[in-house]
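Q: One structure, as structure tokens, below. Some questions next.
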Amino acid sequence: MIRVLTARDDALLVELDDLDQAVALYESLTADPVRGVGVPVPGARTLLVPFRPSAITAQALAAELRTRPLERRVTSAARTVEIPVRYDGADLAESAGLLGWSPDELVRRHTAAAWTVGFVGFAPGFAYLTSDDPELVVPRRTSPRTRVPAGSVALAGPYSGVYPRESPGGWQLVGRTDAPVWDVTRERPALLLPGDEVRFVAVRSTAKVRLDHAVGHGSAARTVPDRMVEADLPGHLQRGEVEIVGAGVLALVQDLGRPGSEGAGVSASGALDRPSLRAANRAVGNLPDAAVVESVGGLRLRAHGPQVLAVTGATGEIVVRPGASPGPGASPGPGGAAPVAGAPDGPARPDRRPRPGEPFALDDGDVLRLAAPARGLRAYVAVRGGIDVPPVLGSRATDVLAGLGPDPLGPGDLLPVGAPERGVPAAVPRPASASDDPPTPDDLPAPGEITVLPIVLGPRDDWFDAATIARLTGQDWLVTPRSNRIGLRLDGDPLTRVPEQDGAELPSEGCVTGAVQVPPDGLPVLFLADHPLTGGYPVVGAVVADHVPLAGQLPAGALVRFEVRGRAPAALPSDTVQHHPGGTP
């Protein structure tokens, strides 16, 4: 049976009978893509299918999905990965006891089973493996660990997996491996992808991973790239730098993210307010996806060499303080600062106060001071030529959950500036009106004020009754200080599940940015750009795509009211489950 559920106004969630059908549909869409459809995200028995409504309607996509085969393709070139494991995990004896086996018997069964990668989620490179042994099923730990070492081999439910990097986790730890399951220096960073076959081999000491029918893999390497801010470029290619003098609460390098890596468990990430990023790049003459600095809580930076900048998004006061021009006998200050000795050439220049969204120049040594905003949360600082740090998986964006991209910026960091693109105007005037223009700073959310976010219900609104849906949309939710780029944690009157779903576990399934997930405590989490690719709590609805950037500008203390948005008749397919408050009819 196939059910097609609404995941967002531009995404469908296909519910199938089991993991094999989900992988079969994933393989079908990968081998024979549908125009306008993005990278599908497999879950335990679902497939999340994003699409562009301008290219294909939900109704047409649902009809196409129903025609696809739900049986796995038979191939003689199946890729098999052999993973050496030292079975000395902290939970080996307890897991064996839960199964009524000895530890030796658990190891024998784990290594004798044929494992297949069903889907990748939770973290980049974390593969959910299923086996042909129906008895090899153990519950998750009742109390998750705050730290699970990288390389831990674990069990949970019918799944086995290898933690690619140190992280929290609630799976039962049975062993460890040195197999590099995630390595961004490889052509294919994830060692394990959906459809791969896996064999675990018991060893007494560490050993190298063995791959059959594999190409494009290097030797073991770091799981997360080392901190790298300065580009290693020849001097004649350098176009100057900007130096972080003060980073405020949080300053990150961001661009439009790394879409297309979802199959490896990597979310797109990127700027939370993409219209503001595009506007900043447009103002200085960059291509729309050039890397910028995303700033929370103010920023100070110094120009090394003449630069052209623009600031958009949540902007406080913008002040340019001139640096001292080198004079006779001058010497550089600490960290490349303006000279501290010698006489300046000519009269002192006054401070300048550029307007948000408009380009302005910095001379060598000038300092930009961006005050914390009264409204909104994130400002975007673009430099003509873009921030030219090395890309990871095709993007320079920092993903705080996955640990990809540059570290958060701090005082003294030097960011190289790239060469301006050929054929791009030096600065593009801001249009009087444009559909992708960001809101002005005065229109952004503020603490204590209500921001209305339109949502579409689904895919799991049937886990909640009509009274609970009314509670979701009928109160003002408080954005708490525990919010971050992963998600907004909201406080209010908790939501309760229908009795038949109370205490139930939802098999992991793909989630979109803007999804409103409801954990057991009933307090919603609104997923932002760095959210996990899959989740195991029900998603009651999702913020419509064109309002997700506004959610990224909500500061702590702001109030959110969700409003169910109706969909146009053309977007309401008759063969798609249509969501209504109170559940799915």
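Residues are referred to by chain and number: the chain letter is A, B, ... according to the order shown in the structure tokens, the number counts from 1 in that chain, and ligands are numbered separately from 1 in the order shown.
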Counting only C-alpha atoms, which residues of stretch 504-535 of chain A sit at most 10 Å from some atom of stretch 5-14 of chain A, and what is each one's closest atom pair with its distance in Å to one decimal, listed by chain and rising residue number, as a Markdown table?

A:
| residue | atom | partner | partner_atom | distance |
| --- | --- | --- | --- | --- |
| A:Glu509 | CA | A:Leu13 | CA | 8.6 |
| A:Gly510 | CA | A:Leu13 | CA | 7.9 |
| A:Cys511 | CA | A:Ala7 | CA | 7.7 |
| A:Val512 | CA | A:Ala7 | CA | 7.2 |
| A:Thr513 | CA | A:Arg8 | CA | 9.1 |
| A:Gly514 | CA | A:Arg8 | CA | 8.3 |
| A:Ala515 | CA | A:Arg8 | CA | 7.9 |

Q: Can you list, as number ranges by chain, every protein, DNA or RNA residue that comes within 10 Å of stretch 106-108 of chain A when you count only C-alpha atoms, leaving out same-chain residues fewer than 2 positions away?

A: A: 85-87, 92-93, 95-97, 99-104, 110-113, 136, 174-175, 200-202

Q: Mind checking DSSP for stretch 376-561 of chain A and telling me the alpha helix (DSSP H) residues as a PDB file with N, CA, C and O atoms, in the first residue's frame?

A:
ATOM      1  N   ALA A 466      -8.568  17.117  17.138  1.00  0.00           N
ATOM      2  CA  ALA A 466      -8.962  18.469  16.729  1.00  0.00           C
ATOM      3  C   ALA A 466      -8.676  19.502  17.815  1.00  0.00           C
ATOM      4  O   ALA A 466      -8.268  20.629  17.522  1.00  0.00           O
ATOM      5  N   ALA A 467      -8.888  19.113  19.082  1.00  0.00           N
ATOM      6  CA  ALA A 467      -8.636  20.054  20.174  1.00  0.00           C
ATOM      7  C   ALA A 467      -7.152  20.406  20.260  1.00  0.00           C
ATOM      8  O   ALA A 467      -6.787  21.558  20.545  1.00  0.00           O
ATOM      9  N   THR A 468      -6.290  19.437  20.000  1.00  0.00           N
ATOM     10  CA  THR A 468      -4.848  19.698  20.058  1.00  0.00           C
ATOM     11  C   THR A 468      -4.399  20.560  18.888  1.00  0.00           C
ATOM     12  O   THR A 468      -3.557  21.451  19.047  1.00  0.00           O
ATOM     13  N   ILE A 469      -4.959  20.324  17.708  1.00  0.00           N
ATOM     14  CA  ILE A 469      -4.632  21.179  16.565  1.00  0.00           C
ATOM     15  C   ILE A 469      -5.080  22.615  16.852  1.00  0.00           C
ATOM     16  O   ILE A 469      -4.383  23.580  16.519  1.00  0.00           O
ATOM     17  N   ALA A 470      -6.243  22.752  17.499  1.00  0.00           N
ATOM     18  CA  ALA A 470      -6.714  24.090  17.876  1.00  0.00           C
ATOM     19  C   ALA A 470      -5.764  24.730  18.884  1.00  0.00           C
ATOM     20  O   ALA A 470      -5.534  25.943  18.865  1.00  0.00           O
ATOM     21  N   ARG A 471      -5.186  23.915  19.762  1.00  0.00           N
ATOM     22  CA  ARG A 471      -4.219  24.434  20.731  1.00  0.00           C
ATOM     23  C   ARG A 471      -2.930  24.856  20.017  1.00  0.00           C
ATOM     24  O   ARG A 471      -2.298  25.843  20.392  1.00  0.00           O
ATOM     25  N   LEU A 472      -2.545  24.112  18.985  1.00  0.00           N
ATOM     26  CA  LEU A 472      -1.362  24.466  18.202  1.00  0.00           C
ATOM     27  C   LEU A 472      -1.523  25.837  17.564  1.00  0.00           C
ATOM     28  O   LEU A 472      -0.611  26.668  17.598  1.00  0.00           O
ATOM     29  N   THR A 473      -2.685  26.093  16.988  1.00  0.00           N
ATOM     30  CA  THR A 473      -2.898  27.325  16.224  1.00  0.00           C
ATOM     31  C   THR A 473      -3.542  28.437  17.041  1.00  0.00           C
ATOM     32  O   THR A 473      -3.610  29.576  16.563  1.00  0.00           O
ATOM     33  N   GLY A 474      -4.007  28.128  18.244  1.00  0.00           N
ATOM     34  CA  GLY A 474      -4.761  29.108  19.012  1.00  0.00           C
ATOM     35  C   GLY A 474      -4.001  29.782  20.118  1.00  0.00           C
ATOM     36  O   GLY A 474      -4.574  30.563  20.884  1.00  0.00           O
ATOM     37  N   VAL A 548       9.918  30.332   5.648  1.00  0.00           N
ATOM     38  CA  VAL A 548      10.998  29.735   6.434  1.00  0.00           C
ATOM     39  C   VAL A 548      12.090  30.760   6.751  1.00  0.00           C
ATOM     40  O   VAL A 548      12.608  30.789   7.872  1.00  0.00           O
ATOM     41  N   PRO A 549      12.483  31.657   5.810  1.00  0.00           N
ATOM     42  CA  PRO A 549      13.491  32.670   6.170  1.00  0.00           C
ATOM     43  C   PRO A 549      13.063  33.558   7.332  1.00  0.00           C
ATOM     44  O   PRO A 549      13.903  33.954   8.149  1.00  0.00           O
ATOM     45  N   LEU A 550      11.777  33.871   7.426  1.00  0.00           N
ATOM     46  CA  LEU A 550      11.302  34.697   8.532  1.00  0.00           C
ATOM     47  C   LEU A 550      11.483  33.972   9.854  1.00  0.00           C
ATOM     48  O   LEU A 550      11.833  34.580  10.873  1.00  0.00           O
ATOM     49  N   ALA A 551      11.255  32.645   9.851  1.00  0.00           N
ATOM     50  CA  ALA A 551      11.467  31.863  11.073  1.00  0.00           C
ATOM     51  C   ALA A 551      12.916  31.958  11.531  1.00  0.00           C
ATOM     52  O   ALA A 551      13.203  31.961  12.738  1.00  0.00           O
TER      53      ALA A 551
END

Q: Which polymer residues have any atom within 7 Å of an atom of stretch 164-173 of chain A, counting only C-alpha atoms, with same-chain residues fewer than 3 positions away left out, as a PyMOL selection string?

A: chain A and resi 89-92+95+125-126+140-141+143-156+181-182+223

Q: I need the chosen residues saved as a PDB file, in the first residue's frame, with C-alpha atoms.

A:
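Wrote out.pdb, looks like this:
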ATOM      1  CA  GLY A  89      31.283  -2.357  23.587  1.00  0.00           C
ATOM      2  CA  ALA A  90      29.961  -1.093  26.901  1.00  0.00           C
ATOM      3  CA  ASP A  91      26.507  -2.575  26.229  1.00  0.00           C
ATOM      4  CA  LEU A  92      27.541  -5.929  24.714  1.00  0.00           C
ATOM      5  CA  SER A  95      22.298  -6.414  24.894  1.00  0.00           C
ATOM      6  CA  GLY A 125      27.360   9.196   7.106  1.00  0.00           C
ATOM      7  CA  PHE A 126      25.236   7.500   9.793  1.00  0.00           C
ATOM      8  CA  ARG A 140      17.235   1.567  22.607  1.00  0.00           C
ATOM      9  CA  ARG A 141      18.789   2.595  25.918  1.00  0.00           C
ATOM     10  CA  SER A 143      18.736   6.901  29.067  1.00  0.00           C
ATOM     11  CA  PRO A 144      20.751   8.152  26.066  1.00  0.00           C
ATOM     12  CA  ARG A 145      24.445   8.889  26.483  1.00  0.00           C
ATOM     13  CA  THR A 146      25.636  12.467  26.092  1.00  0.00           C
ATOM     14  CA  ARG A 147      28.819  11.216  24.395  1.00  0.00           C
ATOM     15  CA  VAL A 148      29.234   8.259  22.072  1.00  0.00           C
ATOM     16  CA  PRO A 149      32.766   7.886  20.627  1.00  0.00           C
ATOM     17  CA  ALA A 150      33.289   7.974  16.877  1.00  0.00           C
ATOM     18  CA  GLY A 151      33.501   4.489  15.373  1.00  0.00           C
ATOM     19  CA  SER A 152      31.118   2.925  17.895  1.00  0.00           C
ATOM     20  CA  VAL A 153      29.182  -0.029  16.443  1.00  0.00           C
ATOM     21  CA  ALA A 154      25.678  -0.086  17.884  1.00  0.00           C
ATOM     22  CA  LEU A 155      22.252  -1.730  17.839  1.00  0.00           C
ATOM     23  CA  ALA A 156      18.750  -0.276  18.264  1.00  0.00           C
ATOM     24  CA  VAL A 181      32.459   5.824   7.562  1.00  0.00           C
ATOM     25  CA  TRP A 182      32.548   9.588   6.900  1.00  0.00           C
ATOM     26  CA  THR A 223      35.845  12.761   9.896  1.00  0.00           C
TER      27      THR A 223
END

Q: Near stretch 299-302 of chain A, within 12 Å and counting only C-alpha atoms, which residues show up once chain neighbours fewer than 6 positions away are dropped, as a count of residues only?

A: 57

Q: Closest to A:Leu457 among A:Pro555, A:Pro538, A:Pro306, A:Gly386, using only C-alpha atoms?

A: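 Result for the nearest residue to A:Leu457: A:Pro538.
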
Q: Quick one: pull the distance between atom CA of A:Gly313 and atom CA of A:Leu401, Å, one decimal.

A: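 The value is 23.0 Å.
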
Q: Between A:Pro494, A:Gly270, A:Gly285, A:Gly265, which is the closest to A:Phe464 once you count only C-alpha atoms?

A: A:Pro494

Q: When you draw a straight line from atom CA of A:Leu528 to atom CA of A:Gly385, how long is it in Å?

A: 27.5 Å

Q: I'd like to know which of A:Val292, A:Leu65, A:Val518, A:Val417 is closest to A:Leu506, using only C-alpha atoms.

A: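 Selected residue with least distance to A:Leu506: A:Val518.
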
Q: Residues at most 12 Å from A:Gln254, counting only C-alpha atoms, excluding those fewer than 6 positions away in the same chain, as a PDB file with N, CA and C atoms, in the first residue's frame?

A:
ATOM      1  N   ALA A 268      20.944  20.411   3.703  1.00  0.00           N
ATOM      2  CA  ALA A 268      21.477  21.484   2.863  1.00  0.00           C
ATOM      3  C   ALA A 268      22.192  22.545   3.683  1.00  0.00           C
ATOM      4  N   SER A 269      21.728  22.829   4.894  1.00  0.00           N
ATOM      5  CA  SER A 269      22.295  23.876   5.745  1.00  0.00           C
ATOM      6  C   SER A 269      22.261  25.203   4.995  1.00  0.00           C
ATOM      7  N   GLY A 270      23.257  26.073   5.182  1.00  0.00           N
ATOM      8  CA  GLY A 270      23.286  27.367   4.519  1.00  0.00           C
ATOM      9  C   GLY A 270      22.611  28.456   5.333  1.00  0.00           C
ATOM     10  N   ALA A 271      22.543  29.638   4.750  1.00  0.00           N
ATOM     11  CA  ALA A 271      21.991  30.808   5.440  1.00  0.00           C
ATOM     12  C   ALA A 271      20.546  30.558   5.856  1.00  0.00           C
ATOM     13  N   LEU A 272      20.190  31.006   7.052  1.00  0.00           N
ATOM     14  CA  LEU A 272      18.809  30.848   7.519  1.00  0.00           C
ATOM     15  C   LEU A 272      17.884  31.842   6.830  1.00  0.00           C
ATOM     16  N   ASP A 273      18.366  33.018   6.521  1.00  0.00           N
ATOM     17  CA  ASP A 273      17.573  34.034   5.813  1.00  0.00           C
ATOM     18  C   ASP A 273      18.180  34.195   4.427  1.00  0.00           C
ATOM     19  N   ARG A 274      17.779  33.349   3.499  1.00  0.00           N
ATOM     20  CA  ARG A 274      18.392  33.344   2.168  1.00  0.00           C
ATOM     21  C   ARG A 274      18.076  34.601   1.359  1.00  0.00           C
ATOM     22  N   SER A 276      17.930  37.579   2.434  1.00  0.00           N
ATOM     23  CA  SER A 276      18.878  38.603   2.892  1.00  0.00           C
ATOM     24  C   SER A 276      20.271  38.325   2.359  1.00  0.00           C
ATOM     25  N   LEU A 277      20.676  37.061   2.328  1.00  0.00           N
ATOM     26  CA  LEU A 277      21.986  36.727   1.769  1.00  0.00           C
ATOM     27  C   LEU A 277      22.060  37.118   0.294  1.00  0.00           C
ATOM     28  N   ARG A 278      21.008  36.775  -0.458  1.00  0.00           N
ATOM     29  CA  ARG A 278      21.005  37.123  -1.887  1.00  0.00           C
ATOM     30  C   ARG A 278      21.044  38.646  -2.089  1.00  0.00           C
ATOM     31  N   ASN A 281      24.564  39.969  -1.499  1.00  0.00           N
ATOM     32  CA  ASN A 281      25.431  39.655  -2.640  1.00  0.00           C
ATOM     33  C   ASN A 281      25.079  40.493  -3.867  1.00  0.00           C
ATOM     34  N   PRO A 288      24.624  35.092  -6.599  1.00  0.00           N
ATOM     35  CA  PRO A 288      23.744  34.925  -5.427  1.00  0.00           C
ATOM     36  C   PRO A 288      24.262  33.956  -4.377  1.00  0.00           C
ATOM     37  N   ASP A 289      25.085  32.966  -4.790  1.00  0.00           N
ATOM     38  CA  ASP A 289      25.500  31.945  -3.836  1.00  0.00           C
ATOM     39  C   ASP A 289      26.870  32.210  -3.226  1.00  0.00           C
ATOM     40  N   ALA A 290      27.407  33.414  -3.382  1.00  0.00           N
ATOM     41  CA  ALA A 290      28.707  33.723  -2.783  1.00  0.00           C
ATOM     42  C   ALA A 290      28.622  33.653  -1.262  1.00  0.00           C
ATOM     43  N   ALA A 291      29.731  33.268  -0.643  1.00  0.00           N
ATOM     44  CA  ALA A 291      29.762  33.128   0.816  1.00  0.00           C
ATOM     45  C   ALA A 291      29.854  34.489   1.487  1.00  0.00           C
ATOM     46  N   VAL A 292      29.136  34.624   2.600  1.00  0.00           N
ATOM     47  CA  VAL A 292      29.095  35.856   3.376  1.00  0.00           C
ATOM     48  C   VAL A 292      29.318  35.504   4.841  1.00  0.00           C
ATOM     49  N   VAL A 293      29.297  36.525   5.694  1.00  0.00           N
ATOM     50  CA  VAL A 293      29.331  36.313   7.141  1.00  0.00           C
ATOM     51  C   VAL A 293      27.926  36.476   7.686  1.00  0.00           C
ATOM     52  N   GLU A 294      27.421  35.445   8.367  1.00  0.00           N
ATOM     53  CA  GLU A 294      26.134  35.508   9.067  1.00  0.00           C
ATOM     54  C   GLU A 294      26.422  35.842  10.522  1.00  0.00           C
ATOM     55  N   SER A 295      25.864  36.945  10.994  1.00  0.00           N
ATOM     56  CA  SER A 295      26.231  37.488  12.302  1.00  0.00           C
ATOM     57  C   SER A 295      25.029  37.534  13.237  1.00  0.00           C
ATOM     58  N   ARG A 378      19.581  37.831  12.725  1.00  0.00           N
ATOM     59  CA  ARG A 378      20.775  37.535  11.925  1.00  0.00           C
ATOM     60  C   ARG A 378      21.011  38.599  10.853  1.00  0.00           C
ATOM     61  N   ALA A 379      22.237  39.121  10.813  1.00  0.00           N
ATOM     62  CA  ALA A 379      22.656  40.043   9.772  1.00  0.00           C
ATOM     63  C   ALA A 379      23.569  39.312   8.801  1.00  0.00           C
ATOM     64  N   TYR A 380      23.627  39.812   7.565  1.00  0.00           N
ATOM     65  CA  TYR A 380      24.467  39.204   6.529  1.00  0.00           C
ATOM     66  C   TYR A 380      25.386  40.265   5.958  1.00  0.00           C
ATOM     67  N   VAL A 381      26.694  39.987   6.029  1.00  0.00           N
ATOM     68  CA  VAL A 381      27.716  40.918   5.562  1.00  0.00           C
ATOM     69  C   VAL A 381      28.385  40.304   4.336  1.00  0.00           C
ATOM     70  N   ALA A 382      28.156  40.898   3.174  1.00  0.00           N
ATOM     71  CA  ALA A 382      28.762  40.432   1.933  1.00  0.00           C
ATOM     72  C   ALA A 382      29.946  41.318   1.580  1.00  0.00           C
ATOM     73  N   GLY A 386      33.263  37.741  -2.513  1.00  0.00           N
ATOM     74  CA  GLY A 386      32.849  36.637  -1.657  1.00  0.00           C
ATOM     75  C   GLY A 386      33.941  36.194  -0.695  1.00  0.00           C
ATOM     76  N   ILE A 387      33.514  35.559   0.406  1.00  0.00           N
ATOM     77  CA  ILE A 387      34.448  34.981   1.363  1.00  0.00           C
ATOM     78  C   ILE A 387      34.984  33.695   0.741  1.00  0.00           C
ATOM     79  N   ASP A 388      36.301  33.626   0.549  1.00  0.00           N
ATOM     80  CA  ASP A 388      36.891  32.563  -0.275  1.00  0.00           C
ATOM     81  C   ASP A 388      37.570  31.493   0.579  1.00  0.00           C
ATOM     82  N   VAL A 389      36.865  30.969   1.576  1.00  0.00           N
ATOM     83  CA  VAL A 389      37.395  29.829   2.330  1.00  0.00           C
ATOM     84  C   VAL A 389      37.198  28.563   1.498  1.00  0.00           C
ATOM     85  N   PRO A 391      35.816  25.229   0.039  1.00  0.00           N
ATOM     86  CA  PRO A 391      34.499  24.586   0.133  1.00  0.00           C
ATOM     87  C   PRO A 391      34.611  23.147   0.648  1.00  0.00           C
ATOM     88  N   VAL A 392      33.569  22.696   1.302  1.00  0.00           N
ATOM     89  CA  VAL A 392      33.434  21.304   1.747  1.00  0.00           C
ATOM     90  C   VAL A 392      32.138  20.764   1.164  1.00  0.00           C
ATOM     91  N   SER A 395      30.270  23.501  -0.801  1.00  0.00           N
ATOM     92  CA  SER A 395      29.727  24.684  -0.123  1.00  0.00           C
ATOM     93  C   SER A 395      30.714  25.171   0.924  1.00  0.00           C
ATOM     94  N   ARG A 396      30.692  26.484   1.163  1.00  0.00           N
ATOM     95  CA  ARG A 396      31.525  27.074   2.216  1.00  0.00           C
ATOM     96  C   ARG A 396      30.751  27.273   3.516  1.00  0.00           C
ATOM     97  N   ALA A 397      29.503  26.806   3.559  1.00  0.00           N
ATOM     98  CA  ALA A 397      28.646  27.039   4.719  1.00  0.00           C
ATOM     99  C   ALA A 397      29.079  26.208   5.920  1.00  0.00           C
ATOM    100  N   THR A 398      28.889  26.775   7.095  1.00  0.00           N
ATOM    101  CA  THR A 398      29.102  26.057   8.346  1.00  0.00           C
ATOM    102  C   THR A 398      27.809  25.380   8.764  1.00  0.00           C
ATOM    103  N   ASP A 399      27.857  24.062   8.941  1.00  0.00           N
ATOM    104  CA  ASP A 399      26.733  23.279   9.454  1.00  0.00           C
ATOM    105  C   ASP A 399      27.085  22.889  10.881  1.00  0.00           C
ATOM    106  N   VAL A 400      26.433  23.510  11.864  1.00  0.00           N
ATOM    107  CA  VAL A 400      26.834  23.318  13.259  1.00  0.00           C
ATOM    108  C   VAL A 400      26.497  21.925  13.761  1.00  0.00           C
ATOM    109  N   LEU A 404      30.427  20.480   9.555  1.00  0.00           N
ATOM    110  CA  LEU A 404      31.010  20.731   8.245  1.00  0.00           C
ATOM    111  C   LEU A 404      31.280  22.219   8.064  1.00  0.00           C
ATOM    112  N   GLY A 405      32.308  22.527   7.283  1.00  0.00           N
ATOM    113  CA  GLY A 405      32.620  23.921   7.009  1.00  0.00           C
ATOM    114  C   GLY A 405      33.492  24.544   8.083  1.00  0.00           C
ATOM    115  N   PRO A 406      33.791  25.845   7.959  1.00  0.00           N
ATOM    116  CA  PRO A 406      34.672  26.506   8.920  1.00  0.00           C
ATOM    117  C   PRO A 406      34.089  26.521  10.322  1.00  0.00           C
ATOM    118  N   ASP A 407      34.971  26.562  11.309  1.00  0.00           N
ATOM    119  CA  ASP A 407      34.530  26.736  12.698  1.00  0.00           C
ATOM    120  C   ASP A 407      33.881  28.102  12.866  1.00  0.00           C
ATOM    121  N   PRO A 408      33.091  28.289  13.919  1.00  0.00           N
ATOM    122  CA  PRO A 408      32.602  29.634  14.216  1.00  0.00           C
ATOM    123  C   PRO A 408      33.770  30.621  14.282  1.00  0.00           C
ATOM    124  N   LEU A 409      33.525  31.824  13.779  1.00  0.00           N
ATOM    125  CA  LEU A 409      34.594  32.808  13.664  1.00  0.00           C
ATOM    126  C   LEU A 409      34.890  33.459  15.013  1.00  0.00           C
ATOM    127  N   ARG A 485      20.564  27.285  15.365  1.00  0.00           N
ATOM    128  CA  ARG A 485      20.417  27.034  13.930  1.00  0.00           C
ATOM    129  C   ARG A 485      19.800  25.668  13.631  1.00  0.00           C
ATOM    130  N   ALA A 529      17.781  25.345   9.372  1.00  0.00           N
ATOM    131  CA  ALA A 529      18.604  24.805   8.285  1.00  0.00           C
ATOM    132  C   ALA A 529      19.530  23.673   8.700  1.00  0.00           C
ATOM    133  N   ASP A 530      20.017  23.658   9.942  1.00  0.00           N
ATOM    134  CA  ASP A 530      20.973  22.633  10.353  1.00  0.00           C
ATOM    135  C   ASP A 530      20.307  21.455  11.058  1.00  0.00           C
TER     136      ASP A 530
END

Q: Extract, using only C-alpha atoms, all DNA, RNA and protein residues at most 8 Å from A:Leu377, discarding same-chain residues fewer than 5 positions from it, and format them as a PyMOL selection string.

A: chain A and resi 296-297+314+552-555

Q: With N, CA, C and O atoms retained, export the selected residues as a PDB file, in the first residue's frame.

A:
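Saved result, part-v3.pdb, follows:
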ATOM      1  N   VAL A 296      25.248  37.101  14.469  1.00  0.00           N
ATOM      2  CA  VAL A 296      24.254  37.217  15.536  1.00  0.00           C
ATOM      3  C   VAL A 296      24.869  38.040  16.667  1.00  0.00           C
ATOM      4  O   VAL A 296      25.969  37.730  17.149  1.00  0.00           O
ATOM      5  N   GLY A 297      24.183  39.101  17.063  1.00  0.00           N
ATOM      6  CA  GLY A 297      24.623  39.861  18.232  1.00  0.00           C
ATOM      7  C   GLY A 297      25.725  40.858  17.974  1.00  0.00           C
ATOM      8  O   GLY A 297      26.480  41.214  18.886  1.00  0.00           O
ATOM      9  N   ALA A 314      18.977  41.493   9.791  1.00  0.00           N
ATOM     10  CA  ALA A 314      18.722  42.176  11.066  1.00  0.00           C
ATOM     11  C   ALA A 314      19.908  43.065  11.392  1.00  0.00           C
ATOM     12  O   ALA A 314      20.928  42.600  11.915  1.00  0.00           O
ATOM     13  N   GLY A 552      13.852  32.046  10.577  1.00  0.00           N
ATOM     14  CA  GLY A 552      15.259  32.166  10.928  1.00  0.00           C
ATOM     15  C   GLY A 552      15.638  33.492  11.541  1.00  0.00           C
ATOM     16  O   GLY A 552      16.755  33.637  12.043  1.00  0.00           O
ATOM     17  N   GLN A 553      14.727  34.465  11.530  1.00  0.00           N
ATOM     18  CA  GLN A 553      14.995  35.783  12.117  1.00  0.00           C
ATOM     19  C   GLN A 553      14.287  35.968  13.464  1.00  0.00           C
ATOM     20  O   GLN A 553      14.301  37.064  14.018  1.00  0.00           O
ATOM     21  N   LEU A 554      13.690  34.909  13.994  1.00  0.00           N
ATOM     22  CA  LEU A 554      12.971  35.041  15.265  1.00  0.00           C
ATOM     23  C   LEU A 554      13.947  35.022  16.442  1.00  0.00           C
ATOM     24  O   LEU A 554      14.638  34.024  16.669  1.00  0.00           O
ATOM     25  N   PRO A 555      14.011  36.092  17.229  1.00  0.00           N
ATOM     26  CA  PRO A 555      14.905  36.102  18.392  1.00  0.00           C
ATOM     27  C   PRO A 555      14.237  35.478  19.602  1.00  0.00           C
ATOM     28  O   PRO A 555      13.007  35.290  19.643  1.00  0.00           O
TER      29      PRO A 555
END

Q: In Å, rounded to a single decimal, give me how far atom CA of A:Gly121 is from atom CA of A:Arg45.

A: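 Separation between atom CA of A:Arg45 and atom CA of A:Gly121: 13.3 Å.
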